Amino acid sequence: MRILTGLQPSGILHIGNYFGAIKPILDLQGRGEVFLFLADLHALTSLTDANALRENVRAAAVDLLACGLDPERTTMWRQSDVAYHAELMWILSTVTPMGLMERMVAYKEKTQRGISSNVGLFTYPILQAADILAYEADRVPVGKDQKQHLEATRDIAIKINEAFGEGTLKLPEAQIAEDVAVVPGLDGQKMSKSYGNTIDIFMPEKALRKRVMQIVTDSTPLEDPKDPDASTIVALYRLFATAEQVQQMKDEFRAGGVGYGHFKQRLFEAIWEFYAPMRQRREEILARPGYVDEVLAEGARRAREVAGPVVERVWKAVGLR
Ligand code: ADP
Ligand code: TRP
């Protein structure tokens with residue numbers, strides 16, 4: 001079973017990325033062949049700072065290794081290192097109906113959020129389809145927000161197969177992490193780099209505490225009962241604490257007499273402890289210059305080996321060869 005996913009290196013990794021993408025895929029290491037790439041071509045649709053892009057790719061690679069990515073078992077590469085992604089995208093774009101792209105909500109959401117529209121942002125899902133189809137991925141673990149892009153990937157593969165022959169491309173399955181589907185950010189909306197509401201996983205202690213204290217709460221007085229089900233604090237705490245600890249916090253919410261600041265402190269401690277072993281590993285990786293570049297170079301080599309024959313098959317099927 002080949003499992004593939006992409007991460008946009010458009011910023012530092014946050015808790016949403018961790019539970020929505022990284023943890024599910026790292027948990028699959030050993031159960032299948034894991035392919036994980038850093039989607040720098042996608043990041044270009046909303047990032048115009050060259051140094052930031054370069055650095056973000058490296059930082060994401062370091063963080064993934066720190067989180068437990070094992071380069072012996074998992075192929076990790078930089079999207080732009082493998083030209084097949086962009087090459088296949090062009091072919092896919094020639095069968096993709098305009099109407100399919102026009103229905104993509106991520107594009108609308110991004111432009112409504114103020115990201116300036118460009119054709120790359122609009123055709124982003126076609127590049128994503130190429131990322132997946134070039135590797136004949138069986139499973140694509142992503143957050144709920146990516147479900148529509150996965151459906152579009154299947155639609156595009158079906159179009160190719162209808163036009164150029166069944167079996168030209170293989171249809172992937174999405175794998176949505178239902179229980180942690182959308183991790184909320186500080187403001188209670190989806191945690192996202194583009195919304196500035198993130199809690200980054202390797203923040204220094206002080207910064208992390210400050211960030212957690214910024215979680216938006218209502219003005220319920222300290223002594224009054226509070227609604228745990230409406231609270232971002234509880235929603236995040238769930239990810240780091242045991243079921244009993246969560247129940248305890250919920251009971252204290254309902255009982256009243258405890259302020260939000262106290263709950264936030266408890267959440268901060270849980271996050272800090274959870275990431276302690278990964279922080280340690282990260283320090284070790286940072287102390288080995290050149291290591292990350294080696295991992296990425298070897299990953300790109302293995303990725304080309306897999307995508308090359310698939311893309312060449314498509315070239316032949318469509319008549320480019
Ligand atoms: P961002 O929205 O911060 O730019 P990306 O678009 O780079 O994050 O997302 C990378 C991966 O992390 C994707 O698979 C996405 O579904 C997942 N992801 C991002 N934010 C969240 C979230 N808040 N909850 C769950 N998964 C998320
Ligand atoms: N669009 C995905 C996101 O924003 C990142 C991505 C790019 C991706 N290509 C992919 C995810 C291929 C899975 C498969 O999260």
# chains A, B, ... in the order shown; residues from 1 in each chain; ligands from 1

call {"tool": "residues_around", "arguments": {"residues": "range 47-60 of chain A", "least_positions_apart": "6", "cutoff": "9 Å", "atoms": "only C-alpha atoms", "output": "VMD selection string"}}
result
chain A and resid 7 to 13 38 to 40 78 292 to 293

call {"tool": "residues_around", "arguments": {"residues": "Gly196 in chain A", "least_positions_apart": "3", "cutoff": "10 Å", "atoms": "only C-alpha atoms", "output": "list in words"}}
result
Gly185, Leu186, Asp187, Met191, Ser192, Lys193 and Ile199 of chain A

call {"tool": "residues_near_ligand", "arguments": {"ligand": "ligand 1", "cutoff": "7 Å", "atoms": "only C-alpha atoms and all ligand atoms", "output": "list in words"}}
result
Gly6, Leu7, Gln8, Pro9, Ser10, Gly16, Asn17, Tyr18, Phe19, Gly20, Ala21, Val142, Gly143, Lys144, Asp145, Gln146, Val180, Ala181, Val182, Val183, Pro184, Gly185, Lys190, Met191, Ser192, Lys193 and Ser194 of chain A

call {"tool": "closest_residue", "arguments": {"among": "A:Leu127, A:Leu28, A:Ala86, A:Cys67", "to": "ligand 2", "atoms": "only C-alpha atoms and all ligand atoms"}}
result
A:Leu127

call {"tool": "closest_residue", "arguments": {"among": "A:Val62, A:Ala130, A:Ile156, A:Ala106", "to": "Gly290 in chain A", "atoms": "only C-alpha atoms"}}
result
A:Val62

call {"tool": "residues_around", "arguments": {"residues": "Glu223 in chain A", "least_positions_apart": "2", "cutoff": "8 Å", "atoms": "only C-alpha atoms", "output": "JSON, numbers by chain"}}
result
{"A": [221, 225, 256, 257, 258, 259]}

call {"tool": "write_last_selection", "arguments": {"atoms": "N, CA, C and O atoms", "output": "short mmCIF file (atom, residue, chain, number, x, y, z; two decimals), in the first residue's frame"}}
result
data_model
loop_
_atom_site.label_atom_id
_atom_site.label_comp_id
_atom_site.auth_asym_id
_atom_site.auth_seq_id
_atom_site.Cartn_x
_atom_site.Cartn_y
_atom_site.Cartn_z
N PRO A 221 -17.68 35.33 34.00
CA PRO A 221 -16.87 35.59 35.19
C PRO A 221 -16.30 34.29 35.79
O PRO A 221 -16.90 33.23 35.61
N PRO A 225 -20.37 28.99 35.95
CA PRO A 225 -20.17 27.79 35.14
C PRO A 225 -19.85 28.17 33.70
O PRO A 225 -20.31 29.20 33.22
N GLY A 256 -17.85 25.83 37.61
CA GLY A 256 -17.55 27.23 37.88
C GLY A 256 -16.50 27.37 38.97
O GLY A 256 -16.07 26.37 39.56
N GLY A 257 -16.05 28.60 39.19
CA GLY A 257 -15.06 28.82 40.24
C GLY A 257 -13.62 28.75 39.75
O GLY A 257 -12.68 29.01 40.50
N VAL A 258 -13.42 28.38 38.51
CA VAL A 258 -12.07 28.33 37.95
C VAL A 258 -12.04 29.21 36.69
O VAL A 258 -12.95 29.11 35.85
N GLY A 259 -11.05 30.05 36.58
CA GLY A 259 -10.98 30.99 35.45
C GLY A 259 -10.32 30.38 34.23
O GLY A 259 -9.62 29.37 34.33
#

call {"tool": "atom_distance", "arguments": {"atom1": "atom 5 (C, counted along the ligand's line) of ligand 2", "atom2": "CA of Leu88 in chain A"}}
result
16.6 Å

call {"tool": "atom_distance", "arguments": {"atom1": "CA of Tyr124 in chain A", "atom2": "CA of Ser46 in chain A"}}
result
10.7 Å

call {"tool": "select_by_dssp", "arguments": {"residues": "range 126-268 of chain A", "states": "alpha helix (DSSP H)", "output": "PyMOL selection string"}}
result
chain A and resi 126-133+147-164+205-213+232-240+243-255+260-268

call {"tool": "closest_residue", "arguments": {"among": "A:Thr123, A:Thr153, A:Thr74, A:Thr96", "to": "Arg31 in chain A", "atoms": "only C-alpha atoms"}}
result
A:Thr74

call {"tool": "residues_around", "arguments": {"residues": "Gln245 in chain A", "least_positions_apart": "4", "cutoff": "12 Å", "atoms": "only C-alpha atoms", "output": "short mmCIF file (atom, residue, chain, number, x, y, z; two decimals) with C-alpha atoms, in the first residue's frame"}}
result
data_model
loop_
_atom_site.label_atom_id
_atom_site.label_comp_id
_atom_site.auth_asym_id
_atom_site.auth_seq_id
_atom_site.Cartn_x
_atom_site.Cartn_y
_atom_site.Cartn_z
CA VAL A 234 -11.05 22.02 25.81
CA TYR A 237 -6.65 19.93 25.48
CA ARG A 238 -8.34 16.81 24.09
CA LEU A 239 -5.41 16.35 21.73
CA PHE A 240 -2.80 16.24 24.49
CA ALA A 241 -4.51 14.90 27.59
CA MET A 249 -11.41 19.76 32.94
CA LYS A 250 -14.95 19.59 31.57
CA ASP A 251 -16.33 18.98 35.07
CA GLU A 252 -14.42 22.00 36.37
CA PHE A 263 -7.30 26.10 32.19
CA ARG A 266 -2.99 23.39 32.18
CA LEU A 267 -3.26 23.23 28.40
CA ALA A 270 0.21 19.43 28.36
#

call {"tool": "decode", "arguments": {"residues": "range 53-81 of chain A", "atoms": "N, CA, C and O atoms", "output": "mmCIF file, in the first residue's frame"}}
result
data_model
loop_
_atom_site.group_PDB
_atom_site.id
_atom_site.type_symbol
_atom_site.label_atom_id
_atom_site.label_comp_id
_atom_site.auth_asym_id
_atom_site.auth_seq_id
_atom_site.Cartn_x
_atom_site.Cartn_y
_atom_site.Cartn_z
ATOM 1 N N LEU A 53 10.699 30.960 1.549
ATOM 2 C CA LEU A 53 10.315 29.673 0.962
ATOM 3 C C LEU A 53 11.435 28.645 1.147
ATOM 4 O O LEU A 53 11.216 27.541 1.621
ATOM 5 N N ARG A 54 12.666 29.066 0.766
ATOM 6 C CA ARG A 54 13.824 28.172 0.924
ATOM 7 C C ARG A 54 13.964 27.686 2.365
ATOM 8 O O ARG A 54 14.137 26.506 2.625
ATOM 9 N N GLU A 55 13.884 28.637 3.289
ATOM 10 C CA GLU A 55 14.087 28.280 4.695
ATOM 11 C C GLU A 55 12.946 27.433 5.242
ATOM 12 O O GLU A 55 13.159 26.524 6.041
ATOM 13 N N ASN A 56 11.729 27.742 4.804
ATOM 14 C CA ASN A 56 10.575 26.982 5.300
ATOM 15 C C ASN A 56 10.634 25.517 4.892
ATOM 16 O O ASN A 56 10.216 24.639 5.646
ATOM 17 N N VAL A 57 11.143 25.269 3.686
ATOM 18 C CA VAL A 57 11.246 23.882 3.223
ATOM 19 C C VAL A 57 12.207 23.110 4.130
ATOM 20 O O VAL A 57 11.896 22.014 4.604
ATOM 21 N N ARG A 58 13.345 23.713 4.387
ATOM 22 C CA ARG A 58 14.323 23.040 5.247
ATOM 23 C C ARG A 58 13.778 22.858 6.660
ATOM 24 O O ARG A 58 13.936 21.805 7.270
ATOM 25 N N ALA A 59 13.162 23.906 7.175
ATOM 26 C CA ALA A 59 12.632 23.849 8.540
ATOM 27 C C ALA A 59 11.577 22.745 8.649
ATOM 28 O O ALA A 59 11.538 22.004 9.632
ATOM 29 N N ALA A 60 10.732 22.634 7.611
ATOM 30 C CA ALA A 60 9.693 21.600 7.649
ATOM 31 C C ALA A 60 10.338 20.211 7.644
ATOM 32 O O ALA A 60 9.901 19.316 8.368
ATOM 33 N N ALA A 61 11.400 20.049 6.838
ATOM 34 C CA ALA A 61 12.083 18.751 6.791
ATOM 35 C C ALA A 61 12.685 18.406 8.155
ATOM 36 O O ALA A 61 12.539 17.281 8.645
ATOM 37 N N VAL A 62 13.322 19.392 8.769
ATOM 38 C CA VAL A 62 13.911 19.172 10.100
ATOM 39 C C VAL A 62 12.814 18.776 11.093
ATOM 40 O O VAL A 62 12.953 17.807 11.856
ATOM 41 N N ASP A 63 11.715 19.511 11.065
ATOM 42 C CA ASP A 63 10.638 19.266 12.029
ATOM 43 C C ASP A 63 10.013 17.882 11.833
ATOM 44 O O ASP A 63 9.663 17.205 12.800
ATOM 45 N N LEU A 64 9.870 17.489 10.582
ATOM 46 C CA LEU A 64 9.289 16.164 10.322
ATOM 47 C C LEU A 64 10.201 15.063 10.844
ATOM 48 O O LEU A 64 9.737 14.093 11.449
ATOM 49 N N LEU A 65 11.498 15.232 10.615
ATOM 50 C CA LEU A 65 12.442 14.241 11.137
ATOM 51 C C LEU A 65 12.355 14.218 12.664
ATOM 52 O O LEU A 65 12.353 13.151 13.276
ATOM 53 N N ALA A 66 12.243 15.393 13.254
ATOM 54 C CA ALA A 66 12.141 15.479 14.713
ATOM 55 C C ALA A 66 10.875 14.793 15.222
ATOM 56 O O ALA A 66 10.878 14.156 16.269
ATOM 57 N N CYS A 67 9.808 14.905 14.455
ATOM 58 C CA CYS A 67 8.529 14.315 14.873
ATOM 59 C C CYS A 67 8.500 12.801 14.707
ATOM 60 O O CYS A 67 7.533 12.153 15.080
ATOM 61 N N GLY A 68 9.546 12.262 14.096
ATOM 62 C CA GLY A 68 9.605 10.807 14.010
ATOM 63 C C GLY A 68 9.625 10.249 12.600
ATOM 64 O O GLY A 68 9.503 9.036 12.415
ATOM 65 N N LEU A 69 9.762 11.116 11.613
ATOM 66 C CA LEU A 69 9.870 10.599 10.240
ATOM 67 C C LEU A 69 11.180 9.821 10.116
ATOM 68 O O LEU A 69 12.243 10.339 10.443
ATOM 69 N N ASP A 70 11.061 8.591 9.669
ATOM 70 C CA ASP A 70 12.233 7.734 9.530
ATOM 71 C C ASP A 70 12.605 7.651 8.049
ATOM 72 O O ASP A 70 11.900 7.012 7.270
ATOM 73 N N PRO A 71 13.710 8.289 7.651
ATOM 74 C CA PRO A 71 14.042 8.341 6.222
ATOM 75 C C PRO A 71 14.394 6.981 5.623
ATOM 76 O O PRO A 71 14.429 6.839 4.407
ATOM 77 N N GLU A 72 14.624 6.000 6.457
ATOM 78 C CA GLU A 72 14.874 4.645 5.936
ATOM 79 C C GLU A 72 13.573 4.034 5.413
ATOM 80 O O GLU A 72 13.565 3.233 4.488
ATOM 81 N N ARG A 73 12.487 4.406 6.053
ATOM 82 C CA ARG A 73 11.199 3.799 5.694
ATOM 83 C C ARG A 73 10.343 4.727 4.852
ATOM 84 O O ARG A 73 9.486 4.280 4.099
ATOM 85 N N THR A 74 10.527 6.038 5.039
ATOM 86 C CA THR A 74 9.649 7.018 4.402
ATOM 87 C C THR A 74 10.423 7.847 3.395
ATOM 88 O O THR A 74 11.530 8.286 3.686
ATOM 89 N N THR A 75 9.824 8.044 2.229
ATOM 90 C CA THR A 75 10.453 8.869 1.201
ATOM 91 C C THR A 75 9.979 10.303 1.373
ATOM 92 O O THR A 75 8.792 10.581 1.241
ATOM 93 N N MET A 76 10.907 11.193 1.697
ATOM 94 C CA MET A 76 10.550 12.616 1.852
ATOM 95 C C MET A 76 11.347 13.409 0.826
ATOM 96 O O MET A 76 12.559 13.251 0.726
ATOM 97 N N TRP A 77 10.658 14.257 0.061
ATOM 98 C CA TRP A 77 11.365 15.060 -0.926
ATOM 99 C C TRP A 77 10.721 16.418 -1.095
ATOM 100 O O TRP A 77 9.629 16.681 -0.592
ATOM 101 N N ARG A 78 11.456 17.279 -1.815
ATOM 102 C CA ARG A 78 10.978 18.615 -2.131
ATOM 103 C C ARG A 78 10.282 18.519 -3.491
ATOM 104 O O ARG A 78 10.877 18.039 -4.460
ATOM 105 N N GLN A 79 9.030 18.960 -3.559
ATOM 106 C CA GLN A 79 8.223 18.841 -4.785
ATOM 107 C C GLN A 79 8.969 19.347 -6.020
ATOM 108 O O GLN A 79 8.991 18.699 -7.061
ATOM 109 N N SER A 80 9.618 20.516 -5.903
ATOM 110 C CA SER A 80 10.269 21.122 -7.067
ATOM 111 C C SER A 80 11.515 20.355 -7.515
ATOM 112 O O SER A 80 12.027 20.590 -8.601
ATOM 113 N N ASP A 81 12.013 19.432 -6.683
ATOM 114 C CA ASP A 81 13.157 18.611 -7.084
ATOM 115 C C ASP A 81 12.761 17.556 -8.109
ATOM 116 O O ASP A 81 13.624 16.950 -8.742
#
